[in-house]
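Contents: one structure, followed by commentary.
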Amino acid sequence: MLAIVGAMWQTGKTGRDGGDRPITRGPAPRAARDGYTPFVAQHGFAAAYEAGLARGLGDRLGQTLVVTQPEAWAIVEPRFGRAPTALVFARALDQETLDALAHAAPDGVTVVGIGGGTAMDVAKWISWRRKLPLVQLPTLASVDACFTRMSALRDGERVRYDGDAVPDEVLIDYEILGAAPLALLSAGIGDVLSCLTALADWKLAVAKGIDPAWNQEGADASVRYIDALEAAAPEIAARSEAGIRALMELHREIGWRCHDLGHARFEEGSEHFFAYCFEAVTGRTIMHGELVVMGVLAMTALTEIDHDRARRIVTAAGTRWRLNDLGVTWSEVEATLRALPEFARAGGYWYSHAHERGIGEAELATVRRALGA
Ligand SMILES: [Zn+2]
């Protein structure tokens, strides 16, 4: 059983089923700064925050199907307890492979996703296809996949979202997330920082009458998430419990809001289109959160909207952003920017600054400076 000790943190109602389950539990997190209060989500999947949650998890859950990745399992296996009934290493994300895995899953097990986005997505798919209970134990804060219902399937070159899995619980083990290198933890700010550019894009589209789906509450929330991220940034850099909790709570509420609104307009815009374009142009990728941060810095530099603020948050959180540190060459970014307007239009992405921003020599020089290249 989980020991729950110390001052309890805030609890609330779940957004997904209108039920009265506490949405978060665990002792109040330790903060590096006195008086700092981490963001606490008002909605989202049930989540637990505590050091040592992975210890004895196999004993607690009984029969399990663990979906993981080799590096993550190497960390969790020694503390897991009772060995899994079945173990799957998640690699490919095409539907055929995932359906075969779901088909082969034993009856009567709890599916446990352990690792990064790929493990979470495969675990969700098996759980959904087979109606098996799901527990997610992320070992990286750099992805929000543990707080979303759909899996990101690869369909040739494109990504397609499908499925509908709700975990019984998402376990945030400070012992594991806090031990990850800072780069892996702080890359997690990407999918929150993206609210800055996404909101500017959403406003642009509405002003042009292209996107009627304006939602004031969603837009206000987007601003709140950026404020909370900025406040948490030094805690994230310190890898404190409060920083990890604030970051994961932001992912938790953003995941719920995407589902509630039926779209991710408040969180996904030109910075993600930049990221998808980078992947299409270069035929490779880097850590998603860092790629999105690169997109935010590039797009805010081009639009001159909130660029200084984006830079302040990235610096305070200790996130890598210089192209050299990311292992990205300027020529890759240049090719991405030149292709971006046509890529965004042809891909049918939501209308954004990426669609209409002409890219000439002056724009390239601006982004080059912004990315320290
Ligand atoms: Zn993203």
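Chain labels run A, B, ... following the order of the structure tokens; each chain numbers its residues from 1, and ligands are numbered from 1 in the order shown.
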
Find the nearest atom pair between each residue of chain A and ligand 1 for residues within 7 Å, count only C-alpha atoms and all ligand atoms, give distances in Å to one decimal, sort rows by chain and ascending number, and present the table as a tab-separated table.
residue	atom	partner	partner_atom_place_in_ligand_line	distance
A:Asp191	CA	ligand 1	1 (Zn)	4.9
A:His272	CA	ligand 1	1 (Zn)	6.5
A:His288	CA	ligand 1	1 (Zn)	6.5
A:Gly289	CA	ligand 1	1 (Zn)	6.7
A:Val292	CA	ligand 1	1 (Zn)	6.7

Using only C-alpha atoms, what table do you get, as JSON lines, when you list each residue of range 132-183 of chain A with an atom no more than 9 Å from range 95-109 of chain A, its nearest pair of atoms, and their distance in Å rounded to one decimal, rows by chain then rising number?
{"residue": "A:Leu132", "atom": "CA", "partner": "A:Val109", "partner_atom": "CA", "distance": 6.8}
{"residue": "A:Pro133", "atom": "CA", "partner": "A:Val109", "partner_atom": "CA", "distance": 7.5}
{"residue": "A:Leu153", "atom": "CA", "partner": "A:Gln95", "partner_atom": "CA", "distance": 6.5}
{"residue": "A:Arg154", "atom": "CA", "partner": "A:Gln95", "partner_atom": "CA", "distance": 7.6}
{"residue": "A:Asp155", "atom": "CA", "partner": "A:Gln95", "partner_atom": "CA", "distance": 7.9}

Mind writing the picked residues with N, CA and C atoms as a short mmCIF file (atom, residue, chain, number, x, y, z; two decimals), in the first residue's frame?
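Once everything was written out, this is selection.cif:
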data_model
loop_
_atom_site.label_atom_id
_atom_site.label_comp_id
_atom_site.auth_asym_id
_atom_site.auth_seq_id
_atom_site.Cartn_x
_atom_site.Cartn_y
_atom_site.Cartn_z
N LEU A 132 -8.57 -2.95 -20.37
CA LEU A 132 -7.80 -3.35 -19.18
C LEU A 132 -7.46 -2.10 -18.37
N PRO A 133 -7.43 -2.22 -17.04
CA PRO A 133 -7.07 -1.05 -16.24
C PRO A 133 -5.65 -0.57 -16.55
N LEU A 153 -0.30 7.80 -33.07
CA LEU A 153 0.09 6.72 -33.97
C LEU A 153 0.88 7.28 -35.14
N ARG A 154 1.86 6.49 -35.61
CA ARG A 154 2.57 6.89 -36.82
C ARG A 154 1.85 6.27 -38.01
N ASP A 155 1.53 7.13 -38.97
CA ASP A 155 0.82 6.71 -40.17
C ASP A 155 1.69 7.16 -41.33
#

| task | Please provide as a list in words all residues within 12 Å of Arg369 in chain A, with the sequence filter that same-chain residues fewer than 6 positions apart are discarded (counting only C-alpha atoms). | result |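 My reading of the contact set: Leu297, Ala298, Ala301, Leu302, Trp321, Arg322, Leu323, Trp330, Ala362 and Glu363 of chain A.
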
| Could you pull the residues within 10 Å of Asp168 in chain A, counting only C-alpha atoms, minus those fewer than 5 positions along the same chain, as JSON, numbers by chain? | {"A": [45, 46, 47, 110, 133, 134, 135, 136]}

Please save N, CA and C atoms of the selected residues as a CSV table (one decimal), in the first residue's frame.
chain,number,residue,atom,x,y,z
A,45,PHE,N,-6.7,13.7,-14.9
A,45,PHE,CA,-6.6,12.3,-14.4
A,45,PHE,C,-6.2,12.3,-13.0
A,46,ALA,N,-6.6,11.3,-12.2
A,46,ALA,CA,-6.1,11.1,-10.9
A,46,ALA,C,-4.6,10.9,-10.9
A,47,ALA,N,-3.9,11.6,-10.0
A,47,ALA,CA,-2.5,11.6,-10.0
A,47,ALA,C,-2.0,11.5,-8.5
A,110,THR,N,-3.2,-5.6,-15.1
A,110,THR,CA,-3.2,-4.1,-15.2
A,110,THR,C,-2.1,-3.7,-16.1
A,133,PRO,N,-7.4,-2.2,-17.0
A,133,PRO,CA,-7.1,-1.0,-16.2
A,133,PRO,C,-5.6,-0.6,-16.6
A,134,LEU,N,-5.4,0.7,-16.4
A,134,LEU,CA,-4.2,1.4,-16.8
A,134,LEU,C,-3.6,2.2,-15.7
A,135,VAL,N,-2.3,2.0,-15.4
A,135,VAL,CA,-1.5,2.9,-14.5
A,135,VAL,C,-0.3,3.4,-15.3
A,136,GLN,N,-0.1,4.7,-15.2
A,136,GLN,CA,1.1,5.3,-15.9
A,136,GLN,C,2.1,5.8,-14.9

| message | I need the residues in range 109-258 of chain A that are strand (DSSP E) according to DSSP; give them as JSON, numbers by chain. | response | {"A": [110, 111, 112, 113, 114, 115, 134, 135, 136, 137, 138, 151, 152, 153, 154, 155, 158, 159, 160, 161, 162, 169, 170, 171, 172, 173]}

Using the selection just defined, write its residues with C-alpha atoms as a CSV table (one decimal), in the first residue's frame.
chain,number,residue,atom,x,y,z
A,110,THR,CA,-3.2,-4.1,-15.2
A,111,VAL,CA,-1.4,-2.4,-18.0
A,112,VAL,CA,1.5,-0.3,-16.6
A,113,GLY,CA,3.2,2.2,-18.8
A,114,ILE,CA,6.7,3.0,-17.6
A,115,GLY,CA,9.0,5.4,-19.5
A,134,LEU,CA,-4.2,1.4,-16.8
A,135,VAL,CA,-1.5,2.9,-14.5
A,136,GLN,CA,1.1,5.3,-15.9
A,137,LEU,CA,4.5,5.8,-14.3
A,138,PRO,CA,6.4,8.4,-16.4
A,151,SER,CA,-2.2,7.6,-28.6
A,152,ALA,CA,0.0,9.3,-31.2
A,153,LEU,CA,0.1,6.7,-34.0
A,154,ARG,CA,2.6,6.9,-36.8
A,155,ASP,CA,0.8,6.7,-40.2
A,158,ARG,CA,2.2,11.8,-40.4
A,159,VAL,CA,1.1,11.5,-36.8
A,160,ARG,CA,-2.5,10.5,-36.1
A,161,TYR,CA,-4.2,10.6,-32.7
A,162,ASP,CA,-6.6,7.8,-31.9
A,169,GLU,CA,-3.8,6.7,-11.7
A,170,VAL,CA,-0.7,8.6,-12.9
A,171,LEU,CA,2.2,8.1,-10.5
A,172,ILE,CA,4.7,10.9,-10.2
A,173,ASP,CA,7.7,9.5,-8.3

| Which value, in Å to one decimal, gives the distance between CA of Leu204 in chain A and CA of Ser352 in chain A? | 6.7 Å

| Separation of CA of Val223 in chain A from CA of Lys203 in chain A in Å | 12.7 Å

| Looking at A:Phe39, A:Trp125, A:Trp73, A:Phe147, which one is nearest to Cys258 in chain A, with distances taken over only C-alpha atoms? | A:Phe147

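Taking CA of Val206 in chain A and CA of Ile305 in chain A as endpoints, the distance between them is 16.6 Å.
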
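Distances to Glu241 in chain A were evaluated for A:Gln216, A:Ser270, A:Thr285, A:Thr37 using only C-alpha atoms, and the minimum falls at A:Thr37.
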
Pick out each residue of range 97-322 of chain A that DSSP on the backbone tags as helix (DSSP H, G or I); I need them as a short mmCIF file (atom, residue, chain, number, x, y, z; two decimals) with N, CA and C atoms, in the first residue's frame.
data_model
loop_
_atom_site.label_atom_id
_atom_site.label_comp_id
_atom_site.auth_asym_id
_atom_site.auth_seq_id
_atom_site.Cartn_x
_atom_site.Cartn_y
_atom_site.Cartn_z
N THR A 97 1.16 -2.89 -35.51
CA THR A 97 2.00 -3.38 -34.41
C THR A 97 1.27 -3.25 -33.08
N LEU A 98 0.62 -2.11 -32.87
CA LEU A 98 -0.06 -1.89 -31.58
C LEU A 98 -1.23 -2.85 -31.41
N ASP A 99 -1.98 -3.08 -32.48
CA ASP A 99 -3.11 -4.02 -32.38
C ASP A 99 -2.63 -5.43 -32.09
N ALA A 100 -1.50 -5.79 -32.68
CA ALA A 100 -0.94 -7.13 -32.42
C ALA A 100 -0.54 -7.25 -30.95
N LEU A 101 0.04 -6.20 -30.39
CA LEU A 101 0.41 -6.22 -28.97
C LEU A 101 -0.84 -6.33 -28.09
N ALA A 102 -1.87 -5.56 -28.45
CA ALA A 102 -3.11 -5.59 -27.67
C ALA A 102 -3.72 -6.99 -27.72
N HIS A 103 -3.71 -7.58 -28.91
CA HIS A 103 -4.28 -8.91 -29.10
C HIS A 103 -3.57 -9.94 -28.23
N ALA A 104 -2.25 -9.80 -28.10
CA ALA A 104 -1.45 -10.79 -27.38
C ALA A 104 -1.45 -10.56 -25.87
N GLY A 117 7.16 9.02 -23.75
CA GLY A 117 5.93 9.12 -24.54
C GLY A 117 5.56 7.85 -25.27
N THR A 118 6.54 7.15 -25.82
CA THR A 118 6.23 5.95 -26.60
C THR A 118 5.63 4.86 -25.70
N ALA A 119 6.22 4.65 -24.55
CA ALA A 119 5.68 3.65 -23.62
C ALA A 119 4.27 4.02 -23.17
N MET A 120 4.05 5.31 -22.88
CA MET A 120 2.72 5.76 -22.44
C MET A 120 1.69 5.51 -23.55
N ASP A 121 2.06 5.85 -24.79
CA ASP A 121 1.13 5.72 -25.91
C ASP A 121 0.78 4.27 -26.19
N VAL A 122 1.77 3.39 -26.14
CA VAL A 122 1.50 1.97 -26.38
C VAL A 122 0.65 1.40 -25.24
N ALA A 123 0.96 1.78 -24.00
CA ALA A 123 0.18 1.31 -22.85
C ALA A 123 -1.28 1.74 -22.98
N LYS A 124 -1.49 3.00 -23.39
CA LYS A 124 -2.86 3.50 -23.57
C LYS A 124 -3.61 2.68 -24.61
N TRP A 125 -2.93 2.38 -25.70
CA TRP A 125 -3.59 1.66 -26.80
C TRP A 125 -4.03 0.27 -26.34
N ILE A 126 -3.12 -0.45 -25.67
CA ILE A 126 -3.45 -1.81 -25.21
C ILE A 126 -4.59 -1.75 -24.20
N SER A 127 -4.51 -0.80 -23.28
CA SER A 127 -5.56 -0.66 -22.26
C SER A 127 -6.92 -0.38 -22.91
N TRP A 128 -6.93 0.50 -23.88
CA TRP A 128 -8.18 0.90 -24.53
C TRP A 128 -8.76 -0.24 -25.37
N ARG A 129 -7.90 -0.87 -26.17
CA ARG A 129 -8.36 -1.94 -27.05
C ARG A 129 -8.90 -3.13 -26.26
N ARG A 130 -8.28 -3.39 -25.11
CA ARG A 130 -8.63 -4.60 -24.35
C ARG A 130 -9.45 -4.30 -23.10
N ALA A 145 2.35 12.78 -22.44
CA ALA A 145 1.54 11.67 -22.94
C ALA A 145 0.82 10.91 -21.83
N CYS A 146 1.31 11.01 -20.59
CA CYS A 146 0.64 10.29 -19.49
C CYS A 146 -0.67 10.97 -19.11
N PHE A 147 -0.87 12.21 -19.57
CA PHE A 147 -2.09 12.94 -19.20
C PHE A 147 -3.03 13.18 -20.38
N TYR A 174 8.96 11.32 -7.36
CA TYR A 174 10.03 12.33 -7.34
C TYR A 174 11.41 11.69 -7.40
N GLU A 175 11.52 10.50 -6.81
CA GLU A 175 12.80 9.80 -6.78
C GLU A 175 13.31 9.56 -8.19
N ILE A 176 12.37 9.24 -9.10
CA ILE A 176 12.75 8.90 -10.47
C ILE A 176 12.87 10.15 -11.33
N LEU A 177 11.83 10.99 -11.32
CA LEU A 177 11.87 12.19 -12.17
C LEU A 177 12.95 13.15 -11.72
N LEU A 182 18.93 17.30 -15.77
CA LEU A 182 18.13 18.52 -15.88
C LEU A 182 17.56 18.72 -17.28
N ALA A 183 18.36 18.40 -18.29
CA ALA A 183 17.89 18.62 -19.67
C ALA A 183 16.60 17.85 -19.94
N LEU A 184 16.49 16.64 -19.39
CA LEU A 184 15.30 15.82 -19.63
C LEU A 184 14.10 16.37 -18.88
N LEU A 185 14.34 16.85 -17.67
CA LEU A 185 13.24 17.41 -16.88
C LEU A 185 12.77 18.73 -17.48
N SER A 186 13.72 19.63 -17.73
CA SER A 186 13.32 20.98 -18.10
C SER A 186 12.82 21.06 -19.55
N ALA A 187 13.09 20.03 -20.35
CA ALA A 187 12.50 20.01 -21.69
C ALA A 187 10.98 19.95 -21.57
N GLY A 188 10.50 19.49 -20.41
CA GLY A 188 9.06 19.40 -20.18
C GLY A 188 8.33 20.73 -20.25
N ILE A 189 9.07 21.83 -20.21
CA ILE A 189 8.38 23.13 -20.28
C ILE A 189 7.85 23.41 -21.69
N GLY A 190 8.37 22.69 -22.70
CA GLY A 190 8.01 23.00 -24.09
C GLY A 190 6.52 23.03 -24.34
N ASP A 191 5.82 21.99 -23.89
CA ASP A 191 4.39 21.88 -24.17
C ASP A 191 3.54 22.74 -23.23
N VAL A 192 4.16 23.54 -22.40
CA VAL A 192 3.45 24.59 -21.64
C VAL A 192 3.81 25.96 -22.22
N LEU A 193 5.11 26.14 -22.46
CA LEU A 193 5.58 27.39 -23.05
C LEU A 193 4.90 27.66 -24.40
N SER A 194 4.52 26.58 -25.06
CA SER A 194 3.86 26.70 -26.37
C SER A 194 2.56 27.50 -26.28
N CYS A 195 2.00 27.64 -25.07
CA CYS A 195 0.79 28.46 -24.90
C CYS A 195 1.05 29.90 -25.37
N LEU A 196 2.28 30.39 -25.19
CA LEU A 196 2.61 31.77 -25.57
C LEU A 196 2.35 31.99 -27.06
N THR A 197 2.97 31.16 -27.89
CA THR A 197 2.83 31.31 -29.34
C THR A 197 1.45 30.86 -29.81
N ALA A 198 0.95 29.79 -29.21
CA ALA A 198 -0.35 29.26 -29.65
C ALA A 198 -1.45 30.30 -29.45
N LEU A 199 -1.40 31.00 -28.34
CA LEU A 199 -2.44 32.00 -28.08
C LEU A 199 -2.33 33.16 -29.08
N ALA A 200 -1.11 33.57 -29.37
CA ALA A 200 -0.92 34.65 -30.37
C ALA A 200 -1.45 34.20 -31.73
N ASP A 201 -1.24 32.94 -32.06
CA ASP A 201 -1.74 32.40 -33.34
C ASP A 201 -3.27 32.34 -33.36
N TRP A 202 -3.81 31.91 -32.26
CA TRP A 202 -5.27 31.78 -32.15
C TRP A 202 -5.92 33.16 -32.32
N LYS A 203 -5.33 34.16 -31.65
CA LYS A 203 -5.85 35.53 -31.78
C LYS A 203 -5.76 36.01 -33.22
N LEU A 204 -4.65 35.72 -33.87
CA LEU A 204 -4.46 36.13 -35.27
C LEU A 204 -5.54 35.50 -36.15
N ALA A 205 -5.77 34.22 -35.96
CA ALA A 205 -6.76 33.52 -36.79
C ALA A 205 -8.15 34.09 -36.57
N VAL A 206 -8.48 34.37 -35.32
CA VAL A 206 -9.81 34.91 -35.01
C VAL A 206 -9.96 36.30 -35.61
N ALA A 207 -8.89 37.13 -35.49
CA ALA A 207 -8.93 38.49 -36.04
C ALA A 207 -9.16 38.46 -37.55
N GLN A 216 -13.07 32.06 -24.62
CA GLN A 216 -12.41 32.99 -23.70
C GLN A 216 -11.80 32.26 -22.52
N GLU A 217 -12.52 31.26 -22.02
CA GLU A 217 -12.01 30.53 -20.86
C GLU A 217 -10.71 29.80 -21.21
N GLY A 218 -10.68 29.21 -22.39
CA GLY A 218 -9.47 28.53 -22.85
C GLY A 218 -8.31 29.51 -23.01
N ALA A 219 -8.62 30.69 -23.56
CA ALA A 219 -7.58 31.70 -23.76
C ALA A 219 -7.07 32.23 -22.42
N ASP A 220 -7.99 32.46 -21.49
CA ASP A 220 -7.58 32.92 -20.15
C ASP A 220 -6.71 31.86 -19.46
N ALA A 221 -7.10 30.61 -19.63
CA ALA A 221 -6.34 29.52 -19.00
C ALA A 221 -4.93 29.47 -19.56
N SER A 222 -4.81 29.69 -20.86
CA SER A 222 -3.51 29.68 -21.52
C SER A 222 -2.58 30.70 -20.85
N VAL A 223 -3.10 31.87 -20.55
CA VAL A 223 -2.31 32.92 -19.89
C VAL A 223 -1.92 32.46 -18.48
N ARG A 224 -2.88 31.84 -17.79
CA ARG A 224 -2.61 31.36 -16.42
C ARG A 224 -1.49 30.31 -16.41
N TYR A 225 -1.50 29.46 -17.42
CA TYR A 225 -0.49 28.38 -17.46
C TYR A 225 0.91 28.98 -17.65
N ILE A 226 0.99 30.00 -18.49
CA ILE A 226 2.30 30.64 -18.69
C ILE A 226 2.76 31.32 -17.40
N ASP A 227 1.84 32.00 -16.73
CA ASP A 227 2.19 32.64 -15.45
C ASP A 227 2.71 31.60 -14.46
N ALA A 228 2.00 30.48 -14.38
CA ALA A 228 2.39 29.43 -13.43
C ALA A 228 3.74 28.83 -13.82
N LEU A 229 3.95 28.68 -15.12
CA LEU A 229 5.23 28.13 -15.58
C LEU A 229 6.38 29.08 -15.23
N GLU A 230 6.13 30.37 -15.42
CA GLU A 230 7.19 31.35 -15.11
C GLU A 230 7.53 31.32 -13.62
N ALA A 231 6.50 31.21 -12.80
CA ALA A 231 6.74 31.17 -11.35
C ALA A 231 7.49 29.90 -10.95
N ALA A 232 7.22 28.81 -11.65
CA ALA A 232 7.83 27.52 -11.29
C ALA A 232 9.22 27.34 -11.87
N ALA A 233 9.59 28.18 -12.84
CA ALA A 233 10.83 27.94 -13.61
C ALA A 233 12.06 27.73 -12.72
N PRO A 234 12.31 28.56 -11.70
CA PRO A 234 13.50 28.31 -10.86
C PRO A 234 13.42 26.98 -10.10
N GLU A 235 12.21 26.56 -9.72
CA GLU A 235 12.05 25.26 -9.05
C GLU A 235 12.33 24.11 -10.00
N ILE A 236 11.94 24.30 -11.26
CA ILE A 236 12.22 23.27 -12.27
C ILE A 236 13.73 23.16 -12.46
N ALA A 237 14.40 24.31 -12.54
CA ALA A 237 15.86 24.30 -12.69
C ALA A 237 16.52 23.62 -11.50
N GLU A 241 10.95 19.03 -5.66
CA GLU A 241 9.64 18.37 -5.74
C GLU A 241 8.57 19.35 -6.21
N ALA A 242 8.65 20.58 -5.70
CA ALA A 242 7.64 21.58 -6.07
C ALA A 242 7.70 21.90 -7.56
N GLY A 243 8.91 21.94 -8.10
CA GLY A 243 9.06 22.22 -9.53
C GLY A 243 8.52 21.08 -10.38
N ILE A 244 8.85 19.84 -10.00
CA ILE A 244 8.36 18.68 -10.74
C ILE A 244 6.83 18.64 -10.67
N ARG A 245 6.32 18.92 -9.47
CA ARG A 245 4.88 18.84 -9.32
C ARG A 245 4.16 19.91 -10.15
N ALA A 246 4.68 21.13 -10.11
CA ALA A 246 4.05 22.21 -10.88
C ALA A 246 4.04 21.87 -12.37
N LEU A 247 5.16 21.37 -12.86
CA LEU A 247 5.26 21.05 -14.28
C LEU A 247 4.27 19.94 -14.68
N MET A 248 4.23 18.88 -13.87
CA MET A 248 3.34 17.77 -14.21
C MET A 248 1.88 18.15 -14.02
N GLU A 249 1.59 19.00 -13.03
CA GLU A 249 0.21 19.46 -12.85
C GLU A 249 -0.24 20.31 -14.03
N LEU A 250 0.70 21.09 -14.58
CA LEU A 250 0.36 21.87 -15.79
C LEU A 250 0.04 20.92 -16.94
N HIS A 251 0.85 19.89 -17.12
CA HIS A 251 0.54 18.91 -18.17
C HIS A 251 -0.81 18.25 -17.91
N ARG A 252 -1.09 17.99 -16.64
CA ARG A 252 -2.33 17.30 -16.30
C ARG A 252 -3.54 18.15 -16.68
N GLU A 253 -3.50 19.43 -16.31
CA GLU A 253 -4.66 20.26 -16.60
C GLU A 253 -4.75 20.58 -18.11
N ILE A 254 -3.61 20.77 -18.74
CA ILE A 254 -3.63 21.05 -20.19
C ILE A 254 -4.20 19.84 -20.94
N GLY A 255 -3.82 18.64 -20.52
CA GLY A 255 -4.38 17.43 -21.14
C GLY A 255 -5.89 17.37 -20.99
N TRP A 256 -6.37 17.70 -19.80
CA TRP A 256 -7.82 17.71 -19.59
C TRP A 256 -8.49 18.78 -20.46
N ARG A 257 -7.88 19.96 -20.53
CA ARG A 257 -8.52 21.06 -21.26
C ARG A 257 -8.60 20.78 -22.77
N CYS A 258 -7.57 20.14 -23.30
CA CYS A 258 -7.62 19.76 -24.72
C CYS A 258 -8.83 18.86 -24.97
N HIS A 259 -9.04 17.92 -24.07
CA HIS A 259 -10.16 17.01 -24.23
C HIS A 259 -11.49 17.75 -24.05
N ASP A 260 -11.53 18.63 -23.06
CA ASP A 260 -12.76 19.36 -22.75
C ASP A 260 -13.15 20.30 -23.90
N LEU A 261 -12.16 21.00 -24.46
CA LEU A 261 -12.44 21.94 -25.55
C LEU A 261 -12.64 21.22 -26.88
N SER A 270 1.97 27.75 -34.11
CA SER A 270 3.09 27.82 -35.05
C SER A 270 4.35 27.17 -34.52
N GLU A 271 4.54 27.15 -33.17
CA GLU A 271 5.76 26.52 -32.63
C GLU A 271 5.75 25.01 -32.88
N HIS A 272 4.57 24.37 -32.82
CA HIS A 272 4.49 22.95 -33.14
C HIS A 272 4.60 22.73 -34.65
N PHE A 273 4.02 23.64 -35.44
CA PHE A 273 4.11 23.47 -36.90
C PHE A 273 5.58 23.59 -37.32
N PHE A 274 6.29 24.50 -36.65
CA PHE A 274 7.74 24.59 -36.86
C PHE A 274 8.39 23.23 -36.56
N ALA A 275 8.00 22.63 -35.44
CA ALA A 275 8.59 21.35 -35.03
C ALA A 275 8.28 20.25 -36.06
N TYR A 276 7.03 20.18 -36.51
CA TYR A 276 6.66 19.15 -37.49
C TYR A 276 7.41 19.39 -38.80
N CYS A 277 7.55 20.68 -39.15
CA CYS A 277 8.25 21.03 -40.40
C CYS A 277 9.72 20.63 -40.29
N PHE A 278 10.32 20.88 -39.12
CA PHE A 278 11.72 20.48 -38.89
C PHE A 278 11.87 18.97 -39.13
N GLU A 279 10.93 18.19 -38.60
CA GLU A 279 11.02 16.73 -38.74
C GLU A 279 10.86 16.31 -40.20
N ALA A 280 9.95 17.00 -40.90
CA ALA A 280 9.71 16.65 -42.32
C ALA A 280 10.92 17.03 -43.17
N VAL A 281 11.51 18.20 -42.88
CA VAL A 281 12.60 18.70 -43.71
C VAL A 281 13.90 17.94 -43.45
N THR A 282 14.17 17.64 -42.19
CA THR A 282 15.46 17.02 -41.84
C THR A 282 15.38 15.50 -41.79
N HIS A 288 11.15 16.10 -28.01
CA HIS A 288 10.00 16.92 -28.42
C HIS A 288 9.96 18.28 -27.70
N GLY A 289 10.15 18.26 -26.38
CA GLY A 289 10.05 19.51 -25.63
C GLY A 289 11.08 20.54 -26.08
N GLU A 290 12.28 20.08 -26.36
CA GLU A 290 13.34 21.01 -26.80
C GLU A 290 13.06 21.53 -28.20
N LEU A 291 12.50 20.67 -29.04
CA LEU A 291 12.15 21.10 -30.40
C LEU A 291 11.05 22.16 -30.35
N VAL A 292 10.10 21.98 -29.44
CA VAL A 292 9.01 22.95 -29.31
C VAL A 292 9.55 24.27 -28.73
N VAL A 293 10.46 24.18 -27.76
CA VAL A 293 11.08 25.40 -27.22
C VAL A 293 11.79 26.16 -28.35
N MET A 294 12.49 25.42 -29.21
CA MET A 294 13.14 26.05 -30.35
C MET A 294 12.09 26.76 -31.21
N GLY A 295 10.97 26.11 -31.43
CA GLY A 295 9.88 26.71 -32.21
C GLY A 295 9.33 27.97 -31.56
N VAL A 296 9.18 27.96 -30.24
CA VAL A 296 8.67 29.15 -29.54
C VAL A 296 9.65 30.30 -29.69
N LEU A 297 10.94 30.03 -29.49
CA LEU A 297 11.94 31.10 -29.59
C LEU A 297 12.00 31.65 -31.02
N ALA A 298 11.92 30.76 -31.99
CA ALA A 298 11.97 31.21 -33.39
C ALA A 298 10.73 32.05 -33.74
N MET A 299 9.56 31.55 -33.39
CA MET A 299 8.33 32.25 -33.78
C MET A 299 8.15 33.57 -33.02
N THR A 300 8.49 33.58 -31.73
CA THR A 300 8.36 34.84 -30.99
C THR A 300 9.37 35.87 -31.49
N ALA A 301 10.54 35.41 -31.93
CA ALA A 301 11.51 36.35 -32.50
C ALA A 301 10.97 36.95 -33.79
N LEU A 302 10.30 36.13 -34.59
CA LEU A 302 9.76 36.61 -35.87
C LEU A 302 8.60 37.57 -35.67
N THR A 303 7.74 37.27 -34.70
CA THR A 303 6.54 38.11 -34.51
C THR A 303 6.79 39.25 -33.54
N HIS A 307 8.78 37.68 -27.01
CA HIS A 307 10.05 36.96 -27.16
C HIS A 307 10.91 37.06 -25.89
N ASP A 308 10.97 38.26 -25.31
CA ASP A 308 11.80 38.40 -24.10
C ASP A 308 11.29 37.53 -22.97
N ARG A 309 9.98 37.45 -22.88
CA ARG A 309 9.40 36.62 -21.82
C ARG A 309 9.72 35.14 -22.04
N ALA A 310 9.58 34.69 -23.26
CA ALA A 310 9.90 33.29 -23.58
C ALA A 310 11.35 33.00 -23.20
N ARG A 311 12.22 33.91 -23.55
CA ARG A 311 13.64 33.72 -23.25
C ARG A 311 13.89 33.69 -21.74
N ARG A 312 13.20 34.58 -21.02
CA ARG A 312 13.35 34.62 -19.55
C ARG A 312 12.96 33.29 -18.93
N ILE A 313 11.83 32.75 -19.37
CA ILE A 313 11.33 31.50 -18.78
C ILE A 313 12.28 30.34 -19.10
N VAL A 314 12.71 30.27 -20.34
CA VAL A 314 13.61 29.20 -20.77
C VAL A 314 14.91 29.25 -19.97
N THR A 315 15.44 30.45 -19.79
CA THR A 315 16.68 30.62 -19.04
C THR A 315 16.49 30.23 -17.57
N ALA A 316 15.39 30.70 -16.99
CA ALA A 316 15.15 30.43 -15.56
C ALA A 316 14.94 28.94 -15.30
N ALA A 317 14.34 28.23 -16.28
CA ALA A 317 14.07 26.80 -16.08
C ALA A 317 15.30 25.95 -16.39
#

| query | Nearest to Arg357 in chain A: which of A:Ala344, A:Val67, A:Met150, A:Val76 is it, counting only C-alpha atoms? | reply |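 Nearest candidate to Arg357 in chain A out of A:Ala344, A:Val67, A:Met150, A:Val76: A:Ala344.
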